[in-house]
Each structure stands twice: as C-alpha cells, then as structure tokens.
$ cat structure_0.cif   # mmCIF, C-alpha atoms and all ligand atoms
data_run
loop_
_atom_site.label_atom_id
_atom_site.label_comp_id
_atom_site.auth_asym_id
_atom_site.auth_seq_id
_atom_site.Cartn_x
_atom_site.Cartn_y
_atom_site.Cartn_z
CA MET A 1019 18.17 -2.21 7.49
CA THR A 1020 21.86 -2.81 6.80
CA GLN A 1021 21.01 -5.12 3.92
CA ARG A 1022 18.59 -2.58 2.47
CA LEU A 1023 21.38 0.01 2.42
CA THR A 1024 23.70 -2.49 0.76
CA TYR A 1025 21.18 -3.18 -2.00
CA LEU A 1026 20.57 0.52 -2.55
CA ARG A 1027 24.31 1.22 -2.74
CA GLU A 1028 24.65 -1.48 -5.40
CA SER A 1029 22.19 0.48 -7.54
CA LEU A 1030 24.10 3.77 -7.06
CA LYS A 1031 27.14 2.97 -9.20
CA ASP A 1032 26.39 5.95 -11.46
CA LEU A 1033 26.12 8.39 -8.52
CA ASP A 1034 28.34 9.62 -5.67
CA ALA A 1035 25.32 9.89 -3.38
CA ILE A 1036 21.55 10.06 -3.29
CA VAL A 1037 19.18 12.24 -1.27
CA ILE A 1038 16.06 10.37 -0.15
CA SER A 1039 13.06 12.60 0.59
CA GLN A 1040 10.12 10.21 0.08
CA PRO A 1041 8.71 9.35 3.55
CA GLU A 1042 8.17 5.59 3.14
CA ASN A 1043 11.58 5.23 1.49
CA ARG A 1044 13.15 7.16 4.36
CA ARG A 1045 11.55 4.82 6.87
CA TYR A 1046 12.36 1.69 4.86
CA LEU A 1047 16.08 2.47 4.64
CA SER A 1048 16.63 3.98 8.07
CA GLY A 1049 13.94 2.66 10.40
CA PHE A 1050 13.15 6.27 11.37
CA THR A 1051 9.38 6.66 11.80
CA GLY A 1052 9.26 10.47 12.12
CA SER A 1053 7.45 12.71 9.67
CA ALA A 1054 10.32 14.91 8.47
CA GLY A 1055 13.89 14.43 7.37
CA PHE A 1056 16.23 13.61 4.50
CA LEU A 1057 18.63 10.71 4.02
CA LEU A 1058 21.99 11.33 2.36
CA ILE A 1059 23.56 8.06 1.32
CA SER A 1060 26.90 7.45 -0.36
CA LYS A 1061 29.15 4.42 -0.57
CA ASP A 1062 30.72 5.22 2.82
CA HIS A 1063 28.20 7.51 4.53
CA ALA A 1064 24.63 7.35 5.71
CA LEU A 1065 23.29 10.61 7.17
CA LEU A 1066 19.83 11.44 8.43
CA ALA A 1067 19.19 15.17 8.48
CA THR A 1068 16.19 16.32 10.47
CA ASP A 1069 14.95 18.93 12.92
CA PHE A 1070 14.96 19.29 16.72
CA ARG A 1071 11.70 17.36 17.23
CA TYR A 1072 13.41 14.11 16.18
CA TYR A 1073 17.03 14.27 17.39
CA THR A 1074 16.46 11.72 20.20
CA GLN A 1075 14.17 9.53 18.11
CA VAL A 1076 16.69 9.25 15.26
CA LYS A 1077 19.35 8.00 17.66
CA GLN A 1078 16.95 5.33 18.92
CA GLU A 1079 15.45 4.24 15.59
CA ALA A 1080 18.07 4.84 12.89
CA ARG A 1081 21.14 3.19 14.32
CA ASN A 1082 22.86 2.77 10.97
CA PHE A 1083 22.65 6.50 10.25
CA ASP A 1084 24.58 9.47 11.58
CA LEU A 1085 22.31 12.25 12.71
CA ALA A 1086 22.78 15.65 11.06
CA GLU A 1087 21.13 18.29 13.24
CA VAL A 1088 19.98 20.77 10.61
CA GLY A 1089 16.91 22.25 12.30
CA TYR A 1090 14.51 23.56 9.68
CA GLU A 1091 17.39 24.60 7.40
CA PHE A 1092 18.26 21.43 5.50
CA THR A 1093 18.82 23.31 2.26
CA LYS A 1094 21.29 25.69 3.90
CA HIS A 1095 23.34 22.77 5.30
CA LEU A 1096 23.14 20.69 2.12
CA PRO A 1097 26.39 21.91 0.46
CA ASP A 1098 28.41 21.20 3.63
CA LEU A 1099 26.91 17.76 4.12
CA LEU A 1100 27.59 16.78 0.51
CA ALA A 1101 31.11 18.19 0.69
CA GLN A 1102 31.79 16.07 3.80
CA MET A 1103 30.72 13.04 1.78
CA GLY A 1104 32.80 14.08 -1.23
CA ALA A 1105 29.69 13.92 -3.40
CA GLN A 1106 29.54 15.76 -6.73
CA ARG A 1107 27.06 13.70 -8.74
CA VAL A 1108 24.00 13.43 -6.52
CA GLY A 1109 20.71 11.70 -7.21
CA PHE A 1110 17.32 12.97 -6.08
CA GLU A 1111 13.90 11.32 -6.14
CA ALA A 1112 12.34 12.88 -9.22
CA HIS A 1113 8.92 11.39 -8.49
CA HIS A 1114 8.79 12.98 -5.03
CA LEU A 1115 10.95 16.10 -4.71
CA THR A 1116 9.06 19.24 -5.67
CA PHE A 1117 10.27 21.53 -8.42
CA THR A 1118 10.60 24.32 -5.85
CA GLU A 1119 12.81 22.22 -3.56
CA LEU A 1120 15.07 21.19 -6.41
CA GLU A 1121 15.42 24.81 -7.55
CA SER A 1122 16.48 25.82 -4.03
CA TRP A 1123 19.01 22.97 -3.84
CA LYS A 1124 20.45 23.97 -7.21
CA GLN A 1125 20.78 27.53 -6.02
CA THR A 1126 22.42 26.60 -2.71
CA ALA A 1127 24.70 23.90 -4.15
CA PRO A 1128 25.50 25.14 -7.67
CA ASN A 1129 28.55 22.91 -8.06
CA VAL A 1130 26.58 19.72 -7.50
CA GLU A 1131 25.36 17.81 -10.54
CA TRP A 1132 21.77 16.86 -9.69
CA ILE A 1133 20.63 13.60 -11.31
CA PRO A 1134 16.95 12.61 -11.37
CA THR A 1135 16.29 9.03 -10.23
CA THR A 1136 13.03 7.10 -10.09
CA SER A 1137 11.90 4.10 -8.07
CA ARG A 1138 15.32 2.98 -6.81
CA VAL A 1139 14.02 2.36 -3.30
CA GLU A 1140 10.49 1.53 -4.46
CA ASP A 1141 11.93 -1.36 -6.50
CA LEU A 1142 13.69 -2.72 -3.41
CA ARG A 1143 10.50 -2.35 -1.37
CA THR A 1144 8.51 -4.62 -3.70
CA VAL A 1145 10.15 -7.77 -2.31
CA LYS A 1146 9.32 -8.16 1.37
CA SER A 1147 11.64 -9.58 4.01
CA VAL A 1148 10.58 -12.29 6.43
CA SER A 1149 9.94 -9.71 9.15
CA GLU A 1150 7.93 -7.48 6.81
CA ILE A 1151 5.76 -10.47 5.85
CA GLU A 1152 5.25 -11.26 9.55
CA THR A 1153 4.04 -7.70 10.12
CA LEU A 1154 1.72 -7.90 7.10
CA LYS A 1155 0.33 -11.20 8.41
CA HIS A 1156 -0.36 -9.55 11.74
CA ALA A 1157 -2.13 -6.68 9.95
CA VAL A 1158 -4.23 -9.09 7.90
CA HIS A 1159 -5.10 -11.16 10.96
CA ILE A 1160 -6.33 -8.10 12.85
CA THR A 1161 -8.26 -7.06 9.72
CA ASP A 1162 -9.98 -10.46 9.54
CA ARG A 1163 -10.95 -10.30 13.22
CA ALA A 1164 -12.16 -6.69 13.03
CA PHE A 1165 -14.24 -7.53 9.96
CA ALA A 1166 -15.95 -10.42 11.74
CA GLN A 1167 -16.59 -8.35 14.87
CA ALA A 1168 -17.90 -5.26 13.07
CA THR A 1169 -20.13 -7.04 10.56
CA ASP A 1170 -21.65 -9.07 13.38
CA GLY A 1171 -23.53 -5.90 14.32
CA LEU A 1172 -24.84 -5.26 10.79
CA ARG A 1173 -28.64 -5.20 10.76
CA PRO A 1174 -31.52 -3.27 9.15
CA GLY A 1175 -31.13 0.40 10.05
CA THR A 1176 -27.31 0.32 10.18
CA THR A 1177 -25.88 3.17 8.08
CA GLU A 1178 -22.68 3.09 6.06
CA LYS A 1179 -21.08 5.48 8.56
CA ASP A 1180 -22.22 3.26 11.48
CA LEU A 1181 -20.41 0.34 9.89
CA VAL A 1182 -17.26 2.41 9.31
CA TRP A 1183 -17.33 3.32 12.99
CA ALA A 1184 -17.86 -0.34 13.94
CA PHE A 1185 -14.68 -1.25 12.02
CA LYS A 1186 -12.69 1.52 13.70
CA THR A 1187 -13.98 0.44 17.11
CA ALA A 1188 -13.13 -3.20 16.41
CA LEU A 1189 -9.58 -2.35 15.27
CA HIS A 1190 -9.12 -0.38 18.47
CA THR A 1191 -10.62 -2.90 20.89
CA ILE A 1192 -8.90 -5.95 19.34
CA ASP A 1193 -5.38 -4.61 19.06
CA GLY A 1194 -5.28 -0.85 19.67
CA ARG A 1195 -5.00 -0.18 15.94
CA VAL A 1196 -6.29 2.32 13.41
CA PRO A 1197 -7.41 1.84 9.80
CA ALA A 1198 -4.76 1.70 7.10
CA PHE A 1199 -6.83 4.01 4.85
CA ASP A 1200 -10.30 5.59 4.67
CA ILE A 1201 -12.66 2.66 5.11
CA ILE A 1202 -15.14 2.19 2.28
CA VAL A 1203 -18.69 1.02 2.96
CA ALA A 1204 -20.77 1.51 -0.17
CA ALA A 1205 -24.23 -0.02 -0.46
CA GLY A 1206 -26.35 -0.28 -3.60
CA LEU A 1207 -25.66 2.33 -6.29
CA ALA A 1208 -22.83 3.86 -4.24
CA GLY A 1209 -20.93 0.61 -4.67
CA ALA A 1210 -20.64 1.31 -8.39
CA LYS A 1211 -18.05 3.93 -7.43
CA PRO A 1212 -14.94 1.91 -6.50
CA HIS A 1213 -13.81 4.58 -4.00
CA ALA A 1214 -17.16 5.78 -2.65
CA LYS A 1215 -17.55 7.82 0.56
CA PRO A 1216 -19.82 6.44 3.32
CA SER A 1217 -23.23 8.09 3.85
CA ASP A 1218 -25.75 8.51 6.70
CA THR A 1219 -28.41 6.50 4.85
CA PRO A 1220 -29.50 3.17 6.35
CA ILE A 1221 -28.18 0.27 4.29
CA PRO A 1222 -31.10 -1.21 2.31
CA GLU A 1223 -31.80 -4.94 2.25
CA GLY A 1224 -30.95 -7.03 -0.79
CA VAL A 1225 -28.30 -4.76 -2.32
CA PRO A 1226 -24.55 -5.38 -2.56
CA ILE A 1227 -22.49 -3.70 0.18
CA VAL A 1228 -18.86 -3.15 -0.85
CA ILE A 1229 -16.61 -3.00 2.21
CA ASP A 1230 -12.93 -2.16 1.79
CA MET A 1231 -10.89 -1.95 4.99
CA GLY A 1232 -7.62 -2.88 6.63
CA ALA A 1233 -5.50 -2.45 9.75
CA LEU A 1234 -2.27 -0.44 9.98
CA ILE A 1235 0.41 -2.27 11.97
CA ASP A 1236 3.87 -0.77 12.55
CA GLY A 1237 3.66 1.12 9.27
CA TYR A 1238 2.37 -1.84 7.23
CA HIS A 1239 -1.04 -1.79 5.56
CA ALA A 1240 -3.58 -4.58 5.27
CA ASP A 1241 -6.14 -4.26 2.48
CA MET A 1242 -9.26 -6.39 2.10
CA THR A 1243 -12.59 -6.04 0.32
CA ARG A 1244 -15.69 -8.13 0.76
CA THR A 1245 -19.16 -7.58 -0.71
CA LEU A 1246 -21.95 -8.48 1.69
CA VAL A 1247 -25.72 -8.34 1.37
CA LEU A 1248 -28.25 -7.75 4.12
CA GLY A 1249 -31.08 -10.25 3.71
CA GLN A 1250 -31.69 -12.19 0.53
CA PRO A 1251 -29.88 -11.06 -2.62
CA ASP A 1252 -31.42 -11.15 -6.08
CA ASP A 1253 -30.32 -13.52 -8.83
CA LYS A 1254 -28.12 -10.85 -10.38
CA PHE A 1255 -26.10 -10.60 -7.17
CA ARG A 1256 -25.67 -14.37 -7.07
CA GLU A 1257 -24.56 -14.50 -10.70
CA LEU A 1258 -22.15 -11.55 -10.57
CA TYR A 1259 -20.76 -12.46 -7.16
CA GLN A 1260 -19.85 -15.92 -8.40
CA LEU A 1261 -18.28 -14.39 -11.51
CA VAL A 1262 -16.07 -12.01 -9.49
CA LEU A 1263 -15.17 -14.85 -7.13
CA ASN A 1264 -14.17 -17.01 -10.10
CA ALA A 1265 -12.03 -14.14 -11.40
CA ASN A 1266 -10.39 -13.75 -7.98
CA GLN A 1267 -9.74 -17.49 -7.77
CA ALA A 1268 -8.32 -17.63 -11.30
CA ALA A 1269 -5.61 -15.17 -10.25
CA LEU A 1270 -4.89 -16.97 -6.97
CA ASP A 1271 -4.59 -20.28 -8.85
CA GLY A 1272 -2.61 -18.90 -11.78
CA ILE A 1273 -0.06 -16.42 -10.42
CA ARG A 1274 3.54 -17.63 -10.47
CA PRO A 1275 6.82 -15.81 -9.94
CA GLY A 1276 8.25 -14.79 -13.30
CA MET A 1277 4.82 -14.03 -14.74
CA THR A 1278 4.47 -10.35 -15.66
CA ASP A 1279 2.20 -7.81 -13.99
CA VAL A 1280 0.14 -7.65 -17.22
CA GLU A 1281 -0.22 -11.44 -17.42
CA ALA A 1282 -1.34 -11.61 -13.80
CA ASP A 1283 -3.99 -8.96 -14.46
CA ALA A 1284 -5.21 -10.94 -17.47
CA LEU A 1285 -5.87 -14.07 -15.36
CA SER A 1286 -8.86 -12.39 -13.71
CA ARG A 1287 -9.74 -9.98 -16.48
CA SER A 1288 -10.22 -12.75 -19.05
CA VAL A 1289 -12.82 -14.44 -16.78
CA ILE A 1290 -14.81 -11.21 -16.49
CA GLU A 1291 -14.41 -10.36 -20.19
CA GLU A 1292 -15.60 -13.79 -21.31
CA ALA A 1293 -18.78 -13.25 -19.31
CA GLY A 1294 -19.32 -9.93 -21.13
CA TYR A 1295 -18.52 -7.60 -18.22
CA GLY A 1296 -15.03 -6.48 -19.26
CA ASP A 1297 -16.12 -2.85 -19.64
CA PHE A 1298 -17.32 -2.83 -16.03
CA PHE A 1299 -13.98 -3.86 -14.51
CA GLY A 1300 -12.34 -0.50 -15.04
CA HIS A 1301 -9.36 -0.71 -12.70
CA GLY A 1302 -6.28 -2.90 -12.35
CA LEU A 1303 -6.40 -6.31 -10.70
CA GLY A 1304 -4.21 -5.28 -7.78
CA HIS A 1305 -1.26 -3.45 -6.33
CA GLY A 1306 1.73 -3.95 -4.11
CA VAL A 1307 1.17 -3.16 -0.47
CA GLY A 1308 3.56 -2.53 2.41
CA LEU A 1309 4.71 0.73 3.98
CA ALA A 1310 2.31 2.39 1.51
CA ILE A 1311 -1.23 1.21 0.84
CA HIS A 1312 -0.58 1.44 -2.91
CA GLU A 1313 2.95 0.67 -4.05
CA ALA A 1314 4.75 -1.23 -6.80
CA PRO A 1315 4.04 -3.48 -8.55
CA LYS A 1316 0.74 -2.57 -10.15
CA LEU A 1317 -1.21 -5.34 -11.87
CA ALA A 1318 -3.03 -3.72 -14.78
CA THR A 1319 -3.35 -3.80 -18.57
CA THR A 1320 -1.25 -0.61 -18.64
CA SER A 1321 1.57 -1.96 -16.45
CA PRO A 1322 5.13 -2.11 -17.81
CA GLY A 1323 5.32 -5.91 -18.10
CA THR A 1324 7.66 -6.40 -15.15
CA PRO A 1325 7.98 -9.99 -13.87
CA LEU A 1326 6.58 -10.77 -10.43
CA LYS A 1327 9.15 -11.84 -7.86
CA ILE A 1328 9.07 -14.24 -4.94
CA GLY A 1329 8.27 -12.28 -1.78
CA MET A 1330 6.11 -9.60 -3.36
CA ALA A 1331 3.01 -8.64 -1.34
CA ILE A 1332 0.10 -7.89 -3.69
CA THR A 1333 -3.66 -7.42 -3.55
CA ILE A 1334 -5.95 -9.40 -5.85
CA GLU A 1335 -9.14 -7.39 -6.24
CA PRO A 1336 -11.26 -7.93 -9.33
CA GLY A 1337 -14.57 -6.06 -9.41
CA ILE A 1338 -17.62 -5.36 -11.50
CA TYR A 1339 -19.32 -1.95 -11.25
CA LEU A 1340 -22.71 -1.34 -12.86
CA PRO A 1341 -23.77 2.34 -12.54
CA ASP A 1342 -27.50 1.47 -12.38
CA TRP A 1343 -27.13 -1.44 -9.96
CA GLY A 1344 -24.04 -1.34 -7.73
CA GLY A 1345 -20.66 -2.98 -7.36
CA ILE A 1346 -18.99 -6.21 -6.34
CA ARG A 1347 -15.32 -6.45 -5.40
CA ILE A 1348 -13.45 -9.28 -3.70
CA GLU A 1349 -9.95 -8.45 -2.49
CA ASP A 1350 -7.34 -10.65 -0.85
CA LEU A 1351 -3.76 -9.90 0.15
CA ILE A 1352 -1.24 -12.46 -1.10
CA ILE A 1353 2.48 -13.18 -1.03
CA VAL A 1354 4.11 -14.46 -4.22
CA ARG A 1355 5.83 -17.74 -3.37
CA GLU A 1356 8.04 -20.12 -5.29
CA ALA A 1357 5.20 -22.41 -6.35
CA GLY A 1358 2.34 -19.90 -6.54
CA VAL A 1359 0.76 -17.63 -3.96
CA GLU A 1360 0.16 -17.66 -0.22
CA VAL A 1361 -3.22 -16.08 0.51
CA LEU A 1362 -3.00 -14.15 3.78
CA THR A 1363 -6.64 -13.02 3.95
CA GLN A 1364 -8.79 -15.54 5.80
CA THR A 1365 -12.23 -13.86 5.87
CA PRO A 1366 -14.64 -16.23 4.09
CA LYS A 1367 -15.63 -15.33 0.56
CA ASP A 1368 -18.02 -18.06 -0.54
CA LEU A 1369 -21.40 -16.64 -1.60
CA GLU A 1370 -23.42 -17.95 1.34
CA ALA A 1371 -21.02 -16.38 3.84
CA GLN A 1372 -21.72 -12.93 2.36
CA ILE A 1373 -25.46 -13.10 3.14
CA ILE A 1374 -26.30 -11.51 6.52
CA PRO A 1375 -29.63 -12.90 7.72
CA VAL A 1376 -32.20 -10.31 8.86
MN MN B 1 -6.56 -2.55 -2.57
#
$ encode --input "structure_0.cif" --output "structure tokens" --more "lines below"
Ligand SMILES: [Mn+2]
Amino acid sequence: MTQRLTYLRESLKDLDAIVISQPENRRYLSGFTGSAGFLLISKDHALLATDFRYYTQVKQEARNFDLAEVGYEFTKHLPDLLAQMGAQRVGFEAHHLTFTELESWKQTAPNVEWIPTTSRVEDLRTVKSVSEIETLKHAVHITDRAFAQATDGLRPGTTEKDLVWAFKTALHTIDGRVPAFDIIVAAGLAGAKPHAKPSDTPIPEGVPIVIDMGALIDGYHADMTRTLVLGQPDDKFRELYQLVLNANQAALDGIRPGMTDVEADALSRSVIEEAGYGDFFGHGLGHGVGLAIHEAPKLATTSPGTPLKIGMAITIEPGIYLPDWGGIRIEDLIIVREAGVEVLTQTPKDLEAQIIPV
C-alpha cells in the first residue's frame, strides 16, 4: 500500500492534494474494505474520512492513513481537512464524483481550486503486484473447480437457473465464496445476447450453452466463459467453436508487452474476420480485471492504442453471436509476462471437452 501511495504522489506534481471517492480506488490505495469514505492525499498527508460504522475498521485496515471522523458530514469538514493539509489546488475524480457532490464541495470550500482528474489510480491498478496476482490465481483456481463441480450435474431437464444455482453452491461449498458478477448461463438463441439473463426453461440438447462465471476472492474477480453443449452438437457448432478457439489461441500466442490494446484485439478479430464472421463479434476482445470485474485496459478496436505492460491481468474472450442460432464465447484470464502471456484459466477448452454426454 505504501508503494501505491508513492506512485500516486509521483503523478500529483500538478496538484496540492487529491480527493479519492471511487470505491475500488479507495480500497486499492488504503486497504480499507468498507463501503463509504473519502481519501485525501497530499505529499505529506494521507487521510481517510468516513462515518461511525467504520472508525474501528479503518484503524485495522488502513494503517498508512489517518482517520478523520467526519460522520455523515464529509462536505462540512472538507474545508478544515484541506486547510490542515495546506491544499489549495485539489484534484477530484471527474469520472466518479457526481455533479451534485462537486457543486456542494465548491460551495463549502469556495477558495479551493478544484481540478478534474481521470484514471490516475486506475492507471496504477492496471499493473498487478505479486500479491494481487496470487489472489487472482486463487480466484481462478476456485472458478475452475466450481465450474467442474457444477457442470458435472448438467443433464437433460436442467434449467439455466438451476445451473446458475449449481455454480453458486459450488463456490460456497469449495471455498465459502460468492460469484464475482451475475453468472450467465445462456442456451440456444439466448446465447446470441452476450449478457443474457438465465431463464426457467430446461436447456435443450444440441445447442450451445454460453456460461460466464467467476469467483470473488478478497475483492479480486475471476472471469471465465466456456460454451458447452448437452449431447451431440451439429456441424455448425463444431465449425464455429473451432473458429472461436483459434481466435482465442491466436491472442494467447501473439500478445506481448509493448503491443497496443488495439493490436491485441486484432490478433483474435482478424481470425474471425477472415472466416467471414467479423460482423458477429461485436464486442472487444477483453478487459482488465482486478478489484473491478471490468477495468483498464480495454482491448477493442476503439481503444486508445495504449501499450500493454508486464503484470497486466486481462481477459481474452472472443465470441461469435448469431441471432438466429446462438452464441459461442471462450474466455480465459491471463497475465502479461515478459515473453508473452501466462494463462491462469485451466478449465479445458478443446471441442470434445465441451460436449456433455446424455
Ligand atoms: Mn469478461
């Protein structure tokens, strides 16, 4: 945590202080896992202002921060806190703070010059530390095990909601965990919607079943997608599955540090485009993952062209979605390493392993 503060302070040369309101950024910098509070950080000070519910917890979790007991009146105390820090030019998180909050801060602290900042902490969060990677590996490992356990019970008559419940049960029984996000189980036509909601309908045989799930471990999110089929798939499934798998593998084989987010996206996209399905891969190749399920960087055609760095944790999830047929997506979680990528996800993805015998 100390090093994270040091890095942030290095990026604050143009400011006297910054107020951090974004929850994952607050946790990342301070270690505080509570749901409310603001960080005030200057060159010499690190304050965590929160309410009565968290006074004890802050002392236990955020040892590098001084607790400011502000109750539910942070805005009222803000001028005093900033004056104590000698801060005149103060940054705020423009992508998180609401317009209403900023207006109230301006009113209460009229002599402060409020400077919008974006992504200062998010940029730091993209490169994971050794301990963050260990936590992500744990999350992926539990995800792999829960996937195997839950899909073992998949048989004719199982509904999408049954399977969601089986994943939740497995996460709980294996390691006392909960899902990192709303689990997706989307069979047949529903799978053509990348973020479909599970239904009460029994999963039919022979159609693709898109399953997107992950475990949440100590604030870190695992994210995996596999596309199974109950009974024998048709030739179209075999053809498209292999195509998406080839696209997934092309990215795993081709990604290197220094390559841009756009170039990484193109590794998979070009495989799908060459086969004539480019229009049916309508989302980005992947996203950073960590304290948030979706965080920087984003791998997409519309990304800014930022180079990938060693230590980034990213999903690789090409997909093809045909509205009159269904969807196929294969998603792994990787770490960018010096010579390529380390694939954390271990759940098998060869075609035969996706076929559940009936
Ligand atoms: Mn994902």
$ closest_residue --input "structure_0.cif" --among "A:Gly1306, A:Gly1329, A:Gly1209, A:Gly1323" --to "ligand MN 1 (chain B)" --atoms "all atoms listed in the file"
A:Gly1306
$ residues_near_ligand --input "structure_0.cif" --ligand "ligand MN 1 (chain B)" --cutoff "9 Å" --atoms "only C-alpha atoms and all ligand atoms" --output "tab-separated table (two decimals) with C-alpha atoms, in the coordinates of the input"
chain	number	residue	atom	x	y	z
A	1230	ASP	CA	-12.93	-2.16	1.79
A	1231	MET	CA	-10.89	-1.95	4.99
A	1240	ALA	CA	-3.58	-4.58	5.27
A	1241	ASP	CA	-6.14	-4.26	2.48
A	1242	MET	CA	-9.26	-6.39	2.10
A	1243	THR	CA	-12.59	-6.04	0.32
A	1303	LEU	CA	-6.40	-6.31	-10.70
A	1304	GLY	CA	-4.21	-5.28	-7.78
A	1305	HIS	CA	-1.26	-3.45	-6.33
A	1306	GLY	CA	1.73	-3.95	-4.11
A	1307	VAL	CA	1.17	-3.16	-0.47
A	1311	ILE	CA	-1.23	1.21	0.84
A	1312	HIS	CA	-0.58	1.44	-2.91
A	1332	ILE	CA	0.10	-7.89	-3.69
A	1333	THR	CA	-3.66	-7.42	-3.55
A	1334	ILE	CA	-5.95	-9.40	-5.85
A	1335	GLU	CA	-9.14	-7.39	-6.24
A	1349	GLU	CA	-9.95	-8.45	-2.49
A	1350	ASP	CA	-7.34	-10.65	-0.85
A	1351	LEU	CA	-3.76	-9.90	0.15
$ atom_distance --input "structure_0.cif" --atom1 "atom CA of Trp1183 of chain A" --atom2 "atom CA of Ala1168 of chain A"
8.6 Å
$ residues_around --input "structure_0.cif" --residues "Phe1110 of chain A" --least-positions-apart "3" --cutoff "6 Å" --atoms "all atoms listed in the file" --output "ChimeraX atom specification"
/A:1036-1037,1134-1135
$ write_last_selection --input "structure_0.cif" --atoms "C-alpha atoms" --output "compact mmCIF listing (two decimals), in the coordinates of the input"
# COMPACT_ATOMS: atom_id res chain seq x y z
CA ILE A 1036 21.55 10.06 -3.29
CA VAL A 1037 19.18 12.24 -1.27
CA PRO A 1134 16.95 12.61 -11.37
CA THR A 1135 16.29 9.03 -10.23
$ residues_around --input "structure_0.cif" --residues "segment 1365-1372 of chain A" --least-positions-apart "5" --cutoff "10 Å" --atoms "all atoms listed in the file" --output "ChimeraX atom specification"
/A:1158-1159,1161-1163,1165-1166,1226-1227,1242-1249,1251,1255-1257,1259-1260,1263,1348-1350
$ closest_atom_pairs --input "structure_0.cif" --of "segment 1023-1079 of chain A" --to "segment 1112-1132 of chain A" --cutoff "12 Å" --atoms "only C-alpha atoms" --output "Markdown table"
| residue | atom | partner | partner_atom | distance |
| --- | --- | --- | --- | --- |
| A:Asp1032 | CA | A:Glu1131 | CA | 11.9 |
| A:Leu1033 | CA | A:Trp1132 | CA | 9.6 |
| A:Asp1034 | CA | A:Glu1131 | CA | 10.0 |
| A:Ala1035 | CA | A:Trp1132 | CA | 10.0 |
| A:Ile1036 | CA | A:Trp1132 | CA | 9.3 |
| A:Val1037 | CA | A:Leu1115 | CA | 9.7 |
| A:Ile1038 | CA | A:Leu1115 | CA | 8.9 |
| A:Ser1039 | CA | A:Leu1115 | CA | 6.7 |
| A:Gln1040 | CA | A:His1114 | CA | 6.0 |
| A:Pro1041 | CA | A:His1114 | CA | 9.3 |
| A:Glu1042 | CA | A:His1114 | CA | 11.0 |
| A:Asn1043 | CA | A:His1114 | CA | 10.5 |
| A:Arg1044 | CA | A:His1114 | CA | 11.9 |
| A:Phe1056 | CA | A:Leu1115 | CA | 10.9 |
$ axis_aligned_box --input "structure_0.cif" --around "segment 1283-1294 of chain A" --padding-each-side "3 Å" --output "JSON"
{"center_x": -11.7, "center_y": -11.7, "center_z": -17.5, "size_x": 21.3, "size_y": 11.5, "size_z": 13.6}
$ atom_distance --input "structure_0.cif" --atom1 "atom CA of Phe1070 of chain A" --atom2 "atom CA of Glu1091 of chain A"
11.0 Å
$ atom_distance --input "structure_0.cif" --atom1 "atom CA of Pro1341 of chain A" --atom2 "atom CA of Leu1207 of chain A"
6.5 Å
$ residues_around --input "structure_0.cif" --residues "Thr1319 of chain A" --least-positions-apart "4" --cutoff "7 Å" --atoms "only C-alpha atoms" --output "number ranges by chain"
A: 1280, 1283, 1302
$ write_last_selection --input "structure_0.cif" --atoms "C-alpha atoms" --output "CSV table (one decimal), in the frame of the given file"
chain,number,residue,atom,x,y,z
A,1280,VAL,CA,0.1,-7.6,-17.2
A,1283,ASP,CA,-4.0,-9.0,-14.5
A,1302,GLY,CA,-6.3,-2.9,-12.4
$ closest_residue --input "structure_0.cif" --among "A:Tyr1046, A:Tyr1238, A:Tyr1339, A:Phe1299" --to "Glu1140 of chain A" --atoms "all atoms listed in the file"
A:Tyr1046
$ closest_residue --input "structure_0.cif" --among "A:Ala1086, A:Ala1210, A:Val1076, A:Ile1353" --to "Leu1340 of chain A" --atoms "only C-alpha atoms"
A:Ala1210
$ residues_around --input "structure_0.cif" --residues "segment 1288-1292 of chain A" --least-positions-apart "3" --cutoff "7 Å" --atoms "only C-alpha atoms" --output "number ranges by chain"
A: 1261, 1265, 1284-1285, 1295-1296
$ closest_residue --input "structure_0.cif" --among "A:Leu1181, A:Ile1346, A:Ile1133, A:Ile1202" --to "Leu1258 of chain A" --atoms "only C-alpha atoms"
A:Ile1346
$ decode --input "structure_0.cif" --residues "segment 1023-1039 of chain A" --atoms "C-alpha atoms" --output "PDB file, in the first residue's frame"
ATOM      1  CA  LEU A1023       0.732   5.882  -2.405  1.00  0.00           C
ATOM      2  CA  THR A1024       4.249   6.722  -3.563  1.00  0.00           C
ATOM      3  CA  TYR A1025       3.331   6.094  -7.198  1.00  0.00           C
ATOM      4  CA  LEU A1026       0.160   8.156  -6.893  1.00  0.00           C
ATOM      5  CA  ARG A1027       2.063  11.039  -5.295  1.00  0.00           C
ATOM      6  CA  GLU A1028       4.516  10.995  -8.198  1.00  0.00           C
ATOM      7  CA  SER A1029       1.585  11.659 -10.534  1.00  0.00           C
ATOM      8  CA  LEU A1030       0.285  14.560  -8.396  1.00  0.00           C
ATOM      9  CA  LYS A1031       3.003  17.100  -9.187  1.00  0.00           C
ATOM     10  CA  ASP A1032       0.409  19.498 -10.618  1.00  0.00           C
ATOM     11  CA  LEU A1033      -1.812  19.291  -7.514  1.00  0.00           C
ATOM     12  CA  ASP A1034      -1.507  20.002  -3.778  1.00  0.00           C
ATOM     13  CA  ALA A1035      -3.824  17.095  -2.988  1.00  0.00           C
ATOM     14  CA  ILE A1036      -6.396  14.748  -4.452  1.00  0.00           C
ATOM     15  CA  VAL A1037      -9.724  13.507  -3.094  1.00  0.00           C
ATOM     16  CA  ILE A1038     -10.402   9.868  -3.952  1.00  0.00           C
ATOM     17  CA  SER A1039     -14.085   8.892  -3.959  1.00  0.00           C
TER      18      SER A1039
END
